[in-house]
$ cat my_file_12.cif   # mmCIF, C-alpha atoms
data_protein
loop_
_atom_site.group_PDB
_atom_site.id
_atom_site.type_symbol
_atom_site.label_atom_id
_atom_site.label_comp_id
_atom_site.auth_asym_id
_atom_site.auth_seq_id
_atom_site.Cartn_x
_atom_site.Cartn_y
_atom_site.Cartn_z
ATOM 1 C CA MET Y 245 0.000 0.000 0.000
ATOM 2 C CA LYS Y 246 0.957 3.475 -0.656
ATOM 3 C CA PHE Y 247 0.843 5.375 2.552
ATOM 4 C CA PHE Y 248 4.266 6.058 4.041
ATOM 5 C CA ALA Y 249 6.336 6.186 0.884
ATOM 6 C CA SER Y 250 3.908 8.074 -1.321
ATOM 7 C CA ARG Y 251 3.921 11.044 0.982
ATOM 8 C CA PHE Y 252 7.516 11.707 -0.011
ATOM 9 C CA GLY Y 253 6.733 11.796 -3.704
ATOM 10 C CA THR Y 254 4.362 14.705 -3.643
ATOM 11 C CA SER Y 255 5.052 18.192 -4.828
ATOM 12 C CA ARG Y 256 4.316 19.379 -1.337
ATOM 13 C CA CYS Y 257 7.356 17.505 -0.094
ATOM 14 C CA ALA Y 258 9.713 20.425 0.272
ATOM 15 C CA LEU Y 259 7.125 22.580 1.959
ATOM 16 C CA VAL Y 260 6.177 19.807 4.344
ATOM 17 C CA ALA Y 261 9.792 19.067 5.170
ATOM 18 C CA GLY Y 262 10.515 22.703 5.849
ATOM 19 C CA LEU Y 263 7.605 23.133 8.170
ATOM 20 C CA ALA Y 264 8.117 19.797 9.848
ATOM 21 C CA SER Y 265 11.406 20.905 11.348
ATOM 22 C CA PHE Y 266 9.506 23.435 13.437
ATOM 23 C CA VAL Y 267 7.483 20.669 15.033
ATOM 24 C CA VAL Y 268 10.409 18.761 16.457
ATOM 25 C CA ALA Y 269 10.935 20.865 19.551
ATOM 26 C CA GLY Y 270 7.536 20.053 21.030
ATOM 27 C CA VAL Y 271 7.941 16.368 20.374
ATOM 28 C CA ALA Y 272 11.355 16.181 21.938
ATOM 29 C CA LEU Y 273 10.099 17.845 25.084
ATOM 30 C CA ALA Y 274 7.445 15.239 25.811
ATOM 31 C CA ASP Y 275 8.793 12.906 28.426
ATOM 32 C CA GLY Y 276 9.218 9.367 27.071
ATOM 33 C CA HIS Y 277 6.645 10.026 24.353
ATOM 34 C CA VAL Y 278 3.714 9.944 26.723
ATOM 35 C CA TYR Y 279 1.444 12.941 26.153
ATOM 36 C CA THR Y 280 -0.703 13.769 29.129
ATOM 37 C CA ALA Y 281 -2.406 17.050 28.152
ATOM 38 C CA THR Y 282 -6.140 16.436 27.956
ATOM 39 C CA ASN Y 283 -9.486 18.225 27.752
ATOM 40 C CA PRO Y 284 -12.970 16.649 27.804
ATOM 41 C CA ALA Y 285 -14.341 18.440 24.725
ATOM 42 C CA TRP Y 286 -11.220 17.623 22.724
ATOM 43 C CA LYS Y 287 -11.230 13.988 23.800
ATOM 44 C CA ALA Y 288 -14.931 13.552 22.931
ATOM 45 C CA GLU Y 289 -14.978 15.518 19.670
ATOM 46 C CA CYS Y 290 -11.564 14.741 18.236
ATOM 47 C CA GLY Y 291 -11.558 11.136 19.426
ATOM 48 C CA SER Y 292 -14.830 10.013 17.838
ATOM 49 C CA CYS Y 293 -13.614 9.134 14.336
ATOM 50 C CA HIS Y 294 -9.985 8.341 15.144
ATOM 51 C CA VAL Y 295 -7.698 8.427 18.147
ATOM 52 C CA ALA Y 296 -7.445 11.970 19.528
ATOM 53 C CA TYR Y 297 -4.021 12.992 18.206
ATOM 54 C CA PRO Y 298 -1.855 14.633 20.903
ATOM 55 C CA PRO Y 299 -1.665 18.428 20.483
ATOM 56 C CA ALA Y 300 2.119 18.315 20.911
ATOM 57 C CA LEU Y 301 2.516 16.588 17.539
ATOM 58 C CA LEU Y 302 1.683 19.687 15.475
ATOM 59 C CA PRO Y 303 2.522 23.376 15.963
ATOM 60 C CA ALA Y 304 -0.169 25.910 16.872
ATOM 61 C CA ALA Y 305 -0.398 27.307 13.330
ATOM 62 C CA SER Y 306 -1.278 23.852 12.017
ATOM 63 C CA TRP Y 307 -4.008 23.322 14.598
ATOM 64 C CA ARG Y 308 -5.451 26.764 13.907
ATOM 65 C CA ALA Y 309 -5.615 26.052 10.175
ATOM 66 C CA LEU Y 310 -7.115 22.609 10.735
ATOM 67 C CA MET Y 311 -9.767 23.959 13.103
ATOM 68 C CA MET Y 312 -10.856 26.557 10.533
ATOM 69 C CA GLN Y 313 -11.899 23.942 7.978
ATOM 70 C CA LEU Y 314 -13.519 21.161 9.957
ATOM 71 C CA ASP Y 315 -16.392 20.925 7.470
ATOM 72 C CA GLN Y 316 -13.816 19.726 4.940
ATOM 73 C CA HIS Y 317 -11.643 17.579 7.142
ATOM 74 C CA PHE Y 318 -9.535 15.129 5.133
ATOM 75 C CA GLY Y 319 -12.477 14.146 2.962
ATOM 76 C CA THR Y 320 -15.077 14.141 5.718
ATOM 77 C CA ASP Y 321 -17.381 16.618 7.470
ATOM 78 C CA ALA Y 322 -16.209 17.032 11.077
ATOM 79 C CA SER Y 323 -17.898 20.363 11.782
ATOM 80 C CA ILE Y 324 -18.696 21.324 15.374
ATOM 81 C CA ASP Y 325 -20.470 24.254 16.969
ATOM 82 C CA ALA Y 326 -18.510 27.493 17.298
ATOM 83 C CA LYS Y 327 -18.315 27.463 21.092
ATOM 84 C CA THR Y 328 -16.855 23.964 21.302
ATOM 85 C CA ALA Y 329 -14.507 24.747 18.424
ATOM 86 C CA ARG Y 330 -13.156 27.766 20.309
ATOM 87 C CA GLU Y 331 -12.547 25.711 23.443
ATOM 88 C CA ILE Y 332 -10.757 22.967 21.510
ATOM 89 C CA THR Y 333 -8.667 25.425 19.507
ATOM 90 C CA ALA Y 334 -7.514 27.094 22.728
ATOM 91 C CA PHE Y 335 -6.582 23.722 24.201
ATOM 92 C CA LEU Y 336 -4.684 22.651 21.076
ATOM 93 C CA GLU Y 337 -2.811 25.954 20.892
ATOM 94 C CA ALA Y 338 -1.867 25.887 24.569
ATOM 95 C CA ASN Y 339 -0.404 22.385 24.242
ATOM 96 C CA ALA Y 340 0.891 22.523 20.693
ATOM 97 C CA GLY Y 341 4.385 21.551 19.652
ATOM 98 C CA ARG Y 342 6.648 24.560 19.697
ATOM 99 C CA ALA Y 343 7.444 26.113 16.349
ATOM 100 C CA ARG Y 344 11.065 27.214 16.244
ATOM 101 C CA LYS Y 345 10.492 29.904 13.668
ATOM 102 C CA GLU Y 346 7.472 31.728 12.468
ATOM 103 C CA THR Y 347 6.635 30.960 8.899
ATOM 104 C CA SER Y 348 4.247 32.462 6.415
ATOM 105 C CA ALA Y 349 3.901 29.293 4.331
ATOM 106 C CA THR Y 350 0.795 27.112 4.529
ATOM 107 C CA PRO Y 351 1.034 24.977 7.660
ATOM 108 C CA VAL Y 352 1.163 21.190 7.335
ATOM 109 C CA LEU Y 353 -2.128 19.660 8.472
ATOM 110 C CA ARG Y 354 -1.173 16.022 8.810
ATOM 111 C CA ILE Y 355 1.095 14.683 11.531
ATOM 112 C CA THR Y 356 1.951 11.926 9.069
ATOM 113 C CA GLU Y 357 3.257 14.519 6.595
ATOM 114 C CA THR Y 358 5.704 16.112 8.997
ATOM 115 C CA ARG Y 359 9.337 15.347 8.396
ATOM 116 C CA TRP Y 360 9.656 14.351 12.024
ATOM 117 C CA PHE Y 361 6.979 11.661 11.629
ATOM 118 C CA GLN Y 362 8.385 10.296 8.409
ATOM 119 C CA LYS Y 363 11.885 10.083 9.855
ATOM 120 C CA GLU Y 364 10.643 8.342 12.992
ATOM 121 C CA HIS Y 365 8.705 5.806 10.948
ATOM 122 C CA ASP Y 366 10.955 5.160 7.963
ATOM 123 C CA GLU Y 367 12.377 1.928 9.341
ATOM 124 C CA ILE Y 368 9.074 0.161 9.647
ATOM 125 C CA SER Y 369 9.145 -2.878 7.426
ATOM 126 C CA ALA Y 370 7.192 -3.007 4.203
ATOM 127 C CA ARG Y 371 5.314 -6.006 5.540
ATOM 128 C CA THR Y 372 4.002 -4.070 8.532
ATOM 129 C CA ARG Y 373 2.934 -1.198 6.307
ATOM 130 C CA ARG Y 374 1.027 -3.491 4.005
ATOM 131 C CA SER Y 375 -0.724 -5.265 6.857
ATOM 132 C CA PRO Y 376 -4.500 -5.087 6.526
ATOM 133 C CA ALA Y 377 -4.563 -4.273 10.248
ATOM 134 C CA VAL Y 378 -3.054 -0.861 9.471
ATOM 135 C CA LYS Y 379 -5.629 1.360 7.766
ATOM 136 C CA SER Y 380 -3.160 4.145 7.010
ATOM 137 C CA ALA Y 381 -0.183 5.821 8.621
ATOM 138 C CA ALA Y 382 -2.714 7.931 10.530
ATOM 139 C CA ASP Y 383 -3.988 4.760 12.228
ATOM 140 C CA CYS Y 384 -1.599 5.204 15.170
ATOM 141 C CA GLU Y 385 -3.484 2.678 17.307
ATOM 142 C CA ALA Y 386 -2.637 -0.191 14.971
ATOM 143 C CA CYS Y 387 0.962 -0.036 16.252
ATOM 144 C CA HIS Y 388 0.816 2.208 19.334
ATOM 145 C CA THR Y 389 -1.656 0.194 21.374
ATOM 146 C CA GLN Y 390 -2.115 2.919 24.027
ATOM 147 C CA ALA Y 391 -2.327 5.868 21.606
ATOM 148 C CA ALA Y 392 -5.772 6.772 22.976
ATOM 149 C CA GLN Y 393 -4.074 7.412 26.328
ATOM 150 C CA GLY Y 394 -1.378 9.510 24.658
ATOM 151 C CA ASP Y 395 1.208 6.795 25.182
ATOM 152 C CA PHE Y 396 3.567 6.307 22.209
ATOM 153 C CA SER Y 397 6.430 4.821 24.239
ATOM 154 C CA GLU Y 398 8.363 1.763 23.126
ATOM 155 C CA ARG Y 399 6.699 -0.372 25.802
ATOM 156 C CA THR Y 400 3.258 -0.093 24.219
ATOM 157 C CA ARG Y 401 4.306 -0.594 20.591
ATOM 158 C CA ARG Y 402 3.593 -3.666 18.517
ATOM 159 C CA ALA Y 403 4.077 -4.669 14.908
ATOM 160 C CA PRO Y 404 0.736 -5.643 13.375
ATOM 161 C CA ARG Y 405 0.651 -8.698 11.110
ATOM 162 C CA MET T 717 -40.550 37.348 16.133
ATOM 163 C CA ARG T 718 -41.566 36.167 19.552
ATOM 164 C CA PRO T 719 -38.699 37.108 21.833
ATOM 165 C CA LEU T 720 -40.096 35.897 25.144
ATOM 166 C CA PRO T 721 -40.494 32.180 24.399
ATOM 167 C CA PHE T 722 -37.121 32.295 22.710
ATOM 168 C CA VAL T 723 -35.431 33.790 25.753
ATOM 169 C CA LEU T 724 -37.188 31.276 27.982
ATOM 170 C CA ALA T 725 -36.058 28.410 25.818
ATOM 171 C CA ALA T 726 -32.518 29.713 25.845
ATOM 172 C CA LEU T 727 -32.579 30.061 29.616
ATOM 173 C CA LEU T 728 -34.012 26.586 30.041
ATOM 174 C CA SER T 729 -31.498 24.934 27.762
ATOM 175 C CA GLY T 730 -28.778 26.896 29.517
ATOM 176 C CA ALA T 731 -30.006 25.615 32.848
ATOM 177 C CA ALA T 732 -30.099 22.083 31.489
ATOM 178 C CA LEU T 733 -26.496 22.407 30.352
ATOM 179 C CA VAL T 734 -25.377 23.769 33.687
ATOM 180 C CA ALA T 735 -27.129 20.948 35.507
ATOM 181 C CA GLY T 736 -25.299 18.496 33.275
ATOM 182 C CA VAL T 737 -28.489 17.061 31.808
ATOM 183 C CA VAL T 738 -27.198 15.345 28.721
ATOM 184 C CA HIS T 739 -29.679 12.522 28.275
ATOM 185 C CA ALA T 740 -32.554 14.881 27.669
ATOM 186 C CA ALA T 741 -34.606 12.767 25.315
ATOM 187 C CA ARG T 742 -35.799 9.264 24.533
ATOM 188 C CA PRO T 743 -35.318 8.040 20.959
ATOM 189 C CA ALA T 744 -39.010 8.177 20.041
ATOM 190 C CA ASP T 745 -39.188 11.809 21.249
ATOM 191 C CA PHE T 746 -37.381 12.857 18.093
ATOM 192 C CA LEU T 747 -40.166 11.751 15.774
ATOM 193 C CA PRO T 748 -42.901 14.395 16.382
ATOM 194 C CA GLN T 749 -40.695 17.366 15.425
ATOM 195 C CA TRP T 750 -39.514 15.642 12.247
ATOM 196 C CA GLN T 751 -43.101 14.702 11.496
ATOM 197 C CA ARG T 752 -44.162 18.342 11.728
ATOM 198 C CA ALA T 753 -41.263 19.447 9.541
ATOM 199 C CA ALA T 754 -41.921 16.704 6.979
ATOM 200 C CA LYS T 755 -45.580 17.696 6.759
ATOM 201 C CA GLN T 756 -44.595 21.297 6.274
ATOM 202 C CA ALA T 757 -42.201 20.384 3.475
ATOM 203 C CA ASP T 758 -44.676 18.061 1.758
ATOM 204 C CA ALA T 759 -48.432 18.269 2.203
ATOM 205 C CA GLY T 760 -48.727 14.696 0.937
ATOM 206 C CA PHE T 761 -46.546 13.344 3.730
ATOM 207 C CA SER T 762 -48.084 10.115 5.001
ATOM 208 C CA GLY T 763 -45.870 9.036 7.878
ATOM 209 C CA PHE T 764 -42.459 7.485 8.349
ATOM 210 C CA SER T 765 -41.531 4.095 7.008
ATOM 211 C CA ALA T 766 -39.041 1.605 8.446
ATOM 212 C CA ALA T 767 -38.708 -0.084 5.065
ATOM 213 C CA ARG T 768 -37.834 3.194 3.371
ATOM 214 C CA GLY T 769 -35.434 3.988 6.221
ATOM 215 C CA GLU T 770 -33.668 0.657 5.799
ATOM 216 C CA GLN T 771 -33.329 1.151 2.075
ATOM 217 C CA PHE T 772 -32.002 4.671 2.566
ATOM 218 C CA PHE T 773 -29.527 3.416 5.164
ATOM 219 C CA ASN T 774 -28.043 0.712 2.954
ATOM 220 C CA ALA T 775 -27.933 2.651 -0.318
ATOM 221 C CA THR T 776 -25.267 4.968 -1.653
ATOM 222 C CA HIS T 777 -26.551 8.344 -2.768
ATOM 223 C CA GLY T 778 -24.185 9.378 -5.527
ATOM 224 C CA GLY T 779 -21.044 9.170 -3.407
ATOM 225 C CA GLU T 780 -18.708 6.472 -2.210
ATOM 226 C CA TRP T 781 -20.332 5.754 1.157
ATOM 227 C CA SER T 782 -23.679 4.597 2.462
ATOM 228 C CA CYS T 783 -24.677 4.855 6.115
ATOM 229 C CA ALA T 784 -23.915 1.131 6.282
ATOM 230 C CA SER T 785 -20.300 1.745 5.171
ATOM 231 C CA CYS T 786 -19.539 2.806 8.748
ATOM 232 C CA HIS T 787 -22.525 1.510 10.734
ATOM 233 C CA THR T 788 -22.756 -1.843 8.834
ATOM 234 C CA ARG T 789 -25.947 -3.344 7.437
ATOM 235 C CA ASN T 790 -26.737 -4.520 10.940
ATOM 236 C CA PRO T 791 -27.033 -1.371 13.099
ATOM 237 C CA ALA T 792 -27.393 -3.547 16.205
ATOM 238 C CA ALA T 793 -23.758 -4.553 15.778
ATOM 239 C CA ALA T 794 -20.643 -2.425 16.247
ATOM 240 C CA GLY T 795 -19.550 -0.559 13.139
ATOM 241 C CA LYS T 796 -16.195 0.543 11.823
ATOM 242 C CA HIS T 797 -15.255 3.925 10.353
ATOM 243 C CA ALA T 798 -14.737 3.330 6.624
ATOM 244 C CA LYS T 799 -11.660 5.525 6.469
ATOM 245 C CA THR T 800 -9.965 5.357 9.846
ATOM 246 C CA GLY T 801 -11.022 1.873 10.978
ATOM 247 C CA LYS T 802 -12.113 3.127 14.400
ATOM 248 C CA ILE T 803 -14.758 0.936 16.032
ATOM 249 C CA ILE T 804 -18.182 2.631 16.291
ATOM 250 C CA ALA T 805 -20.660 1.505 18.955
ATOM 251 C CA PRO T 806 -24.011 0.155 17.631
ATOM 252 C CA LEU T 807 -26.489 2.723 16.289
ATOM 253 C CA ALA T 808 -29.742 0.914 17.110
ATOM 254 C CA PRO T 809 -31.180 2.172 20.417
ATOM 255 C CA ALA T 810 -32.089 -1.402 21.438
ATOM 256 C CA ALA T 811 -28.394 -2.282 21.284
ATOM 257 C CA ASN T 812 -26.994 0.991 22.649
ATOM 258 C CA ALA T 813 -28.984 2.949 25.239
ATOM 259 C CA GLU T 814 -27.031 6.153 24.577
ATOM 260 C CA ARG T 815 -28.269 6.556 20.996
ATOM 261 C CA PHE T 816 -30.844 9.248 20.229
ATOM 262 C CA THR T 817 -30.849 10.661 23.745
ATOM 263 C CA ASP T 818 -29.026 13.951 23.119
ATOM 264 C CA ALA T 819 -30.586 16.266 20.544
ATOM 265 C CA ALA T 820 -27.461 18.328 19.873
ATOM 266 C CA ASN T 821 -25.414 15.196 19.312
ATOM 267 C CA VAL T 822 -28.007 13.670 16.987
ATOM 268 C CA GLU T 823 -28.216 16.811 14.837
ATOM 269 C CA LYS T 824 -24.431 17.156 14.779
ATOM 270 C CA TRP T 825 -23.953 13.646 13.412
ATOM 271 C CA PHE T 826 -26.823 13.889 10.930
ATOM 272 C CA LYS T 827 -25.232 17.043 9.560
ATOM 273 C CA ARG T 828 -21.795 15.458 9.231
ATOM 274 C CA ASN T 829 -22.829 12.049 7.987
ATOM 275 C CA CYS T 830 -25.478 13.245 5.552
ATOM 276 C CA SER T 831 -23.004 15.688 4.092
ATOM 277 C CA ASP T 832 -20.511 12.825 3.633
ATOM 278 C CA VAL T 833 -23.026 10.396 2.167
ATOM 279 C CA LEU T 834 -25.452 12.652 0.244
ATOM 280 C CA ASN T 835 -23.444 15.833 -0.126
ATOM 281 C CA ARG T 836 -26.375 17.713 1.436
ATOM 282 C CA ALA T 837 -28.397 17.775 4.641
ATOM 283 C CA CYS T 838 -30.896 14.973 5.281
ATOM 284 C CA THR T 839 -34.557 15.940 5.125
ATOM 285 C CA ALA T 840 -36.896 15.528 8.093
ATOM 286 C CA GLN T 841 -38.546 12.676 6.178
ATOM 287 C CA GLU T 842 -35.215 10.877 5.784
ATOM 288 C CA LYS T 843 -34.287 11.331 9.434
ATOM 289 C CA GLY T 844 -37.680 10.077 10.560
ATOM 290 C CA ASP T 845 -37.522 7.074 8.237
ATOM 291 C CA VAL T 846 -34.034 6.157 9.451
ATOM 292 C CA LEU T 847 -34.965 6.455 13.123
ATOM 293 C CA THR T 848 -38.163 4.467 12.570
ATOM 294 C CA TYR T 849 -36.054 1.753 10.971
ATOM 295 C CA LEU T 850 -33.447 1.852 13.759
ATOM 296 C CA LEU T 851 -36.129 1.686 16.460
ATOM 297 C CA GLY T 852 -37.287 -1.608 15.008
ATOM 298 C CA VAL T 853 -33.838 -3.215 14.879
ATOM 299 C CA ARG T 854 -33.367 -5.784 17.639
ATOM 300 C CA PRO T 855 -29.989 -7.118 18.752
#

$ encode --input "my_file_12.cif" --output "C-alpha cells"
Amino acid sequence: MKFFASRFGTSRCALVAGLASFVVAGVALADGHVYTATNPAWKAECGSCHVAYPPALLPAASWRALMMQLDQHFGTDASIDAKTAREITAFLEANAGRARKETSATPVLRITETRWFQKEHDEISARTRRSPAVKSAADCEACHTQAAQGDFSERTRRAPR
Amino acid sequence: MRPLPFVLAALLSGAALVAGVVHAARPADFLPQWQRAAKQADAGFSGFSAARGEQFFNATHGGEWSCASCHTRNPAAAGKHAKTGKIIAPLAPAANAERFTDAANVEKWFKRNCSDVLNRACTAQEKGDVLTYLLGVRP
C-alpha cells in the first residue's frame, strides 16, 4: 500500500519538510513520548472518528488552520459548533508543539506529513505497512496500542501482522 | 418574532447544560418534530416508514459511502469507520442505550454524515424514516 512512501513523492514535499522541522521541539520535550495534556471536549470531539491525536505533535499554526476547515476535514465533514470549536482550539494551541520559527507558508495539516513523523517511521518494514490491520499511517493505534491514552512509548508498541 | 419564548427556551437549555443534563430525550421523542417538519415540506406526507429507512440506510446516494459503510448493514452490531477503521458503537437504540438521547449530538452527526453520504443535509422525512427503521432493529 501506498501510505508512508507516497507522501515523499508529492510536490508538497519540500514545503512539508521545511515546516516539519519546526514541530520537532515540542515532540522532543514530551517525556518518554507519553502525552498527558487532555481536555474533555477535545477527547470527545476529536476522538470520535480516530484516536485523539496529541496536540504536541503539530505546531499551533497547524491546529489553527485545521480547526478553521472542519467541514472539509480530510475528505469528511467534522464540523462542530462554534463554542466547542473555540474551546478545543484554545486547548490545542496551549499544548501545541513549539514552532522554532514563524513561517508564512501554509502549515502542514497532517502529523503523518511532517518530516519528524516520516523520519521516525521510515524503518518500519514493508510487511508491517502493508498489513491489513493498518488502515493508514494515521492509524496510530494499529501499532501504538495505548495511543488513545497519549502513550507512544516503546513499551506499548507492537508490529501488526 | 416572539422574543419571550425564545429567551425562555434559551434560559431553560442553559439551565439544562449547567445541571449536566445530557440525556434529555428518549429516541421516540425525536419523531414528532420531524413529522411536523416533513408535513410542512410536503403536504402529501403520510408518515415514516421503516422499510424506506432501511433502504435509505443501505444505499449509496451518488457518493462512495452509504450509512452502512460505517454503521454496517446490521445497526445492532458495532460498526467501523470506513476511512480510519475506528470501532463505532451500535447505532440501534435497542443495542446501545445512549443513541438518540441527546438532541445536539443527533443533529451534529446527521449534519456530518449526511453531508458525507449525500453531499447535502438529510430531510426531516429521511431522518424520521431512518430512526423508525433503527427503532425496530433488535440485537

$ closest_residue --input "my_file_12.cif" --among "T:Ala794, T:Cys830, T:Leu851, T:Ala744" --to "chain Y" --atoms "all atoms listed in the file"
T:Cys830

$ resolve_selection --input "my_file_12.cif" --expression "the PyMOL selection byres ((chain Y) within 8 of (chain T))" --output "NGL selection string"
:Y and (293-295 or 315 or 320-324 or 379-380 or 382-383)

$ write_last_selection --input "my_file_12.cif" --atoms "C-alpha atoms" --output "PDB file, in the coordinates of the input"
ATOM      1  CA  CYS Y 293     -13.614   9.134  14.336  1.00  0.00           C
ATOM      2  CA  HIS Y 294      -9.985   8.341  15.144  1.00  0.00           C
ATOM      3  CA  VAL Y 295      -7.698   8.427  18.147  1.00  0.00           C
ATOM      4  CA  ASP Y 315     -16.392  20.925   7.470  1.00  0.00           C
ATOM      5  CA  THR Y 320     -15.077  14.141   5.718  1.00  0.00           C
ATOM      6  CA  ASP Y 321     -17.381  16.618   7.470  1.00  0.00           C
ATOM      7  CA  ALA Y 322     -16.209  17.032  11.077  1.00  0.00           C
ATOM      8  CA  SER Y 323     -17.898  20.363  11.782  1.00  0.00           C
ATOM      9  CA  ILE Y 324     -18.696  21.324  15.374  1.00  0.00           C
ATOM     10  CA  LYS Y 379      -5.629   1.360   7.766  1.00  0.00           C
ATOM     11  CA  SER Y 380      -3.160   4.145   7.010  1.00  0.00           C
ATOM     12  CA  ALA Y 382      -2.714   7.931  10.530  1.00  0.00           C
ATOM     13  CA  ASP Y 383      -3.988   4.760  12.228  1.00  0.00           C
TER      14      ASP Y 383
END

$ closest_residue --input "my_file_12.cif" --among "Y:Arg308, Y:Arg373, Y:His277, Y:Lys363" --to "Y:Glu337" --atoms "all atoms listed in the file"
Y:Arg308

$ resolve_selection --input "my_file_12.cif" --expression "the PyMOL selection byres ((chain T and resi 746-760) around 9)" --output "PyMOL selection string"
chain T and resi 741-745+761-764+816-817+819+839-844+847-848

$ write_last_selection --input "my_file_12.cif" --atoms "C-alpha atoms" --output "CSV table (one decimal), in the coordinates of the input"
chain,number,residue,atom,x,y,z
T,741,ALA,CA,-34.6,12.8,25.3
T,742,ARG,CA,-35.8,9.3,24.5
T,743,PRO,CA,-35.3,8.0,21.0
T,744,ALA,CA,-39.0,8.2,20.0
T,745,ASP,CA,-39.2,11.8,21.2
T,761,PHE,CA,-46.5,13.3,3.7
T,762,SER,CA,-48.1,10.1,5.0
T,763,GLY,CA,-45.9,9.0,7.9
T,764,PHE,CA,-42.5,7.5,8.3
T,816,PHE,CA,-30.8,9.2,20.2
T,817,THR,CA,-30.8,10.7,23.7
T,819,ALA,CA,-30.6,16.3,20.5
T,839,THR,CA,-34.6,15.9,5.1
T,840,ALA,CA,-36.9,15.5,8.1
T,841,GLN,CA,-38.5,12.7,6.2
T,842,GLU,CA,-35.2,10.9,5.8
T,843,LYS,CA,-34.3,11.3,9.4
T,844,GLY,CA,-37.7,10.1,10.6
T,847,LEU,CA,-35.0,6.5,13.1
T,848,THR,CA,-38.2,4.5,12.6

$ atom_distance --input "my_file_12.cif" --atom1 "atom CA of Y:Leu302" --atom2 "atom CA of Y:Pro284"
19.4 Å

$ closest_residue --input "my_file_12.cif" --among "Y:Ala304, Y:Cys387, Y:Thr282, Y:Lys287" --to "Y:Ala340" --atoms "all atoms listed in the file"
Y:Ala304

$ residues_around --input "my_file_12.cif" --residues "T:Ser785" --least-positions-apart "2" --cutoff "10 Å" --atoms "only C-alpha atoms" --output "PyMOL selection string"
chain T and resi 773-776+780-783+787-789+795-799+833

$ atom_distance --input "my_file_12.cif" --atom1 "atom CA of Y:Thr328" --atom2 "atom CA of Y:Ala285"
7.0 Å

$ atom_distance --input "my_file_12.cif" --atom1 "atom CA of Y:Glu364" --atom2 "atom CA of Y:Ser306"
19.6 Å

$ closest_residue --input "my_file_12.cif" --among "Y:Trp307, Y:Gln362, Y:Glu385, Y:Glu367" --to "Y:Thr400" --atoms "all atoms listed in the file"
Y:Glu385

$ resolve_selection --input "my_file_12.cif" --expression "the PyMOL selection byres ((chain Y and resi 354-356) around 8)" --output "number ranges by chain"
Y: 301-302, 352-353, 357-358, 361-362, 381-382

$ build_atoms --input "my_file_12.cif" --residues "stretch 391-402 of chain Y" --atoms "N, CA, C and O atoms" --output "PDB file, keeping the file's coordinate frame"
ATOM      1  N   ALA Y 391      -2.296   4.523  22.191  1.00  0.00           N
ATOM      2  CA  ALA Y 391      -2.327   5.868  21.606  1.00  0.00           C
ATOM      3  C   ALA Y 391      -3.488   6.692  22.173  1.00  0.00           C
ATOM      4  O   ALA Y 391      -3.371   7.902  22.346  1.00  0.00           O
ATOM      5  N   ALA Y 392      -4.611   6.047  22.455  1.00  0.00           N
ATOM      6  CA  ALA Y 392      -5.772   6.772  22.976  1.00  0.00           C
ATOM      7  C   ALA Y 392      -5.473   7.387  24.339  1.00  0.00           C
ATOM      8  O   ALA Y 392      -6.110   8.347  24.745  1.00  0.00           O
ATOM      9  N   GLN Y 393      -4.493   6.847  25.037  1.00  0.00           N
ATOM     10  CA  GLN Y 393      -4.074   7.412  26.328  1.00  0.00           C
ATOM     11  C   GLN Y 393      -2.877   8.349  26.157  1.00  0.00           C
ATOM     12  O   GLN Y 393      -2.266   8.756  27.135  1.00  0.00           O
ATOM     13  N   GLY Y 394      -2.499   8.623  24.910  1.00  0.00           N
ATOM     14  CA  GLY Y 394      -1.378   9.510  24.658  1.00  0.00           C
ATOM     15  C   GLY Y 394      -0.029   8.835  24.808  1.00  0.00           C
ATOM     16  O   GLY Y 394       1.017   9.490  24.816  1.00  0.00           O
ATOM     17  N   ASP Y 395      -0.039   7.528  24.925  1.00  0.00           N
ATOM     18  CA  ASP Y 395       1.208   6.795  25.182  1.00  0.00           C
ATOM     19  C   ASP Y 395       1.771   6.225  23.874  1.00  0.00           C
ATOM     20  O   ASP Y 395       1.188   5.316  23.281  1.00  0.00           O
ATOM     21  N   PHE Y 396       2.900   6.779  23.426  1.00  0.00           N
ATOM     22  CA  PHE Y 396       3.567   6.307  22.209  1.00  0.00           C
ATOM     23  C   PHE Y 396       4.934   5.709  22.556  1.00  0.00           C
ATOM     24  O   PHE Y 396       5.804   5.604  21.704  1.00  0.00           O
ATOM     25  N   SER Y 397       5.130   5.325  23.805  1.00  0.00           N
ATOM     26  CA  SER Y 397       6.430   4.821  24.239  1.00  0.00           C
ATOM     27  C   SER Y 397       6.692   3.437  23.652  1.00  0.00           C
ATOM     28  O   SER Y 397       5.782   2.759  23.176  1.00  0.00           O
ATOM     29  N   GLU Y 398       7.946   3.025  23.726  1.00  0.00           N
ATOM     30  CA  GLU Y 398       8.363   1.763  23.126  1.00  0.00           C
ATOM     31  C   GLU Y 398       7.607   0.582  23.748  1.00  0.00           C
ATOM     32  O   GLU Y 398       7.226  -0.371  23.075  1.00  0.00           O
ATOM     33  N   ARG Y 399       7.378   0.661  25.032  1.00  0.00           N
ATOM     34  CA  ARG Y 399       6.699  -0.372  25.802  1.00  0.00           C
ATOM     35  C   ARG Y 399       5.356  -0.793  25.200  1.00  0.00           C
ATOM     36  O   ARG Y 399       4.956  -1.937  25.282  1.00  0.00           O
ATOM     37  N   THR Y 400       4.631   0.175  24.649  1.00  0.00           N
ATOM     38  CA  THR Y 400       3.258  -0.093  24.219  1.00  0.00           C
ATOM     39  C   THR Y 400       3.148  -0.259  22.704  1.00  0.00           C
ATOM     40  O   THR Y 400       2.066  -0.225  22.146  1.00  0.00           O
ATOM     41  N   ARG Y 401       4.305  -0.451  22.042  1.00  0.00           N
ATOM     42  CA  ARG Y 401       4.306  -0.594  20.591  1.00  0.00           C
ATOM     43  C   ARG Y 401       4.190  -2.055  20.189  1.00  0.00           C
ATOM     44  O   ARG Y 401       4.683  -2.927  20.885  1.00  0.00           O
ATOM     45  N   ARG Y 402       3.562  -2.313  19.048  1.00  0.00           N
ATOM     46  CA  ARG Y 402       3.593  -3.666  18.517  1.00  0.00           C
ATOM     47  C   ARG Y 402       3.589  -3.587  16.996  1.00  0.00           C
ATOM     48  O   ARG Y 402       3.147  -2.588  16.426  1.00  0.00           O
TER      49      ARG Y 402
END
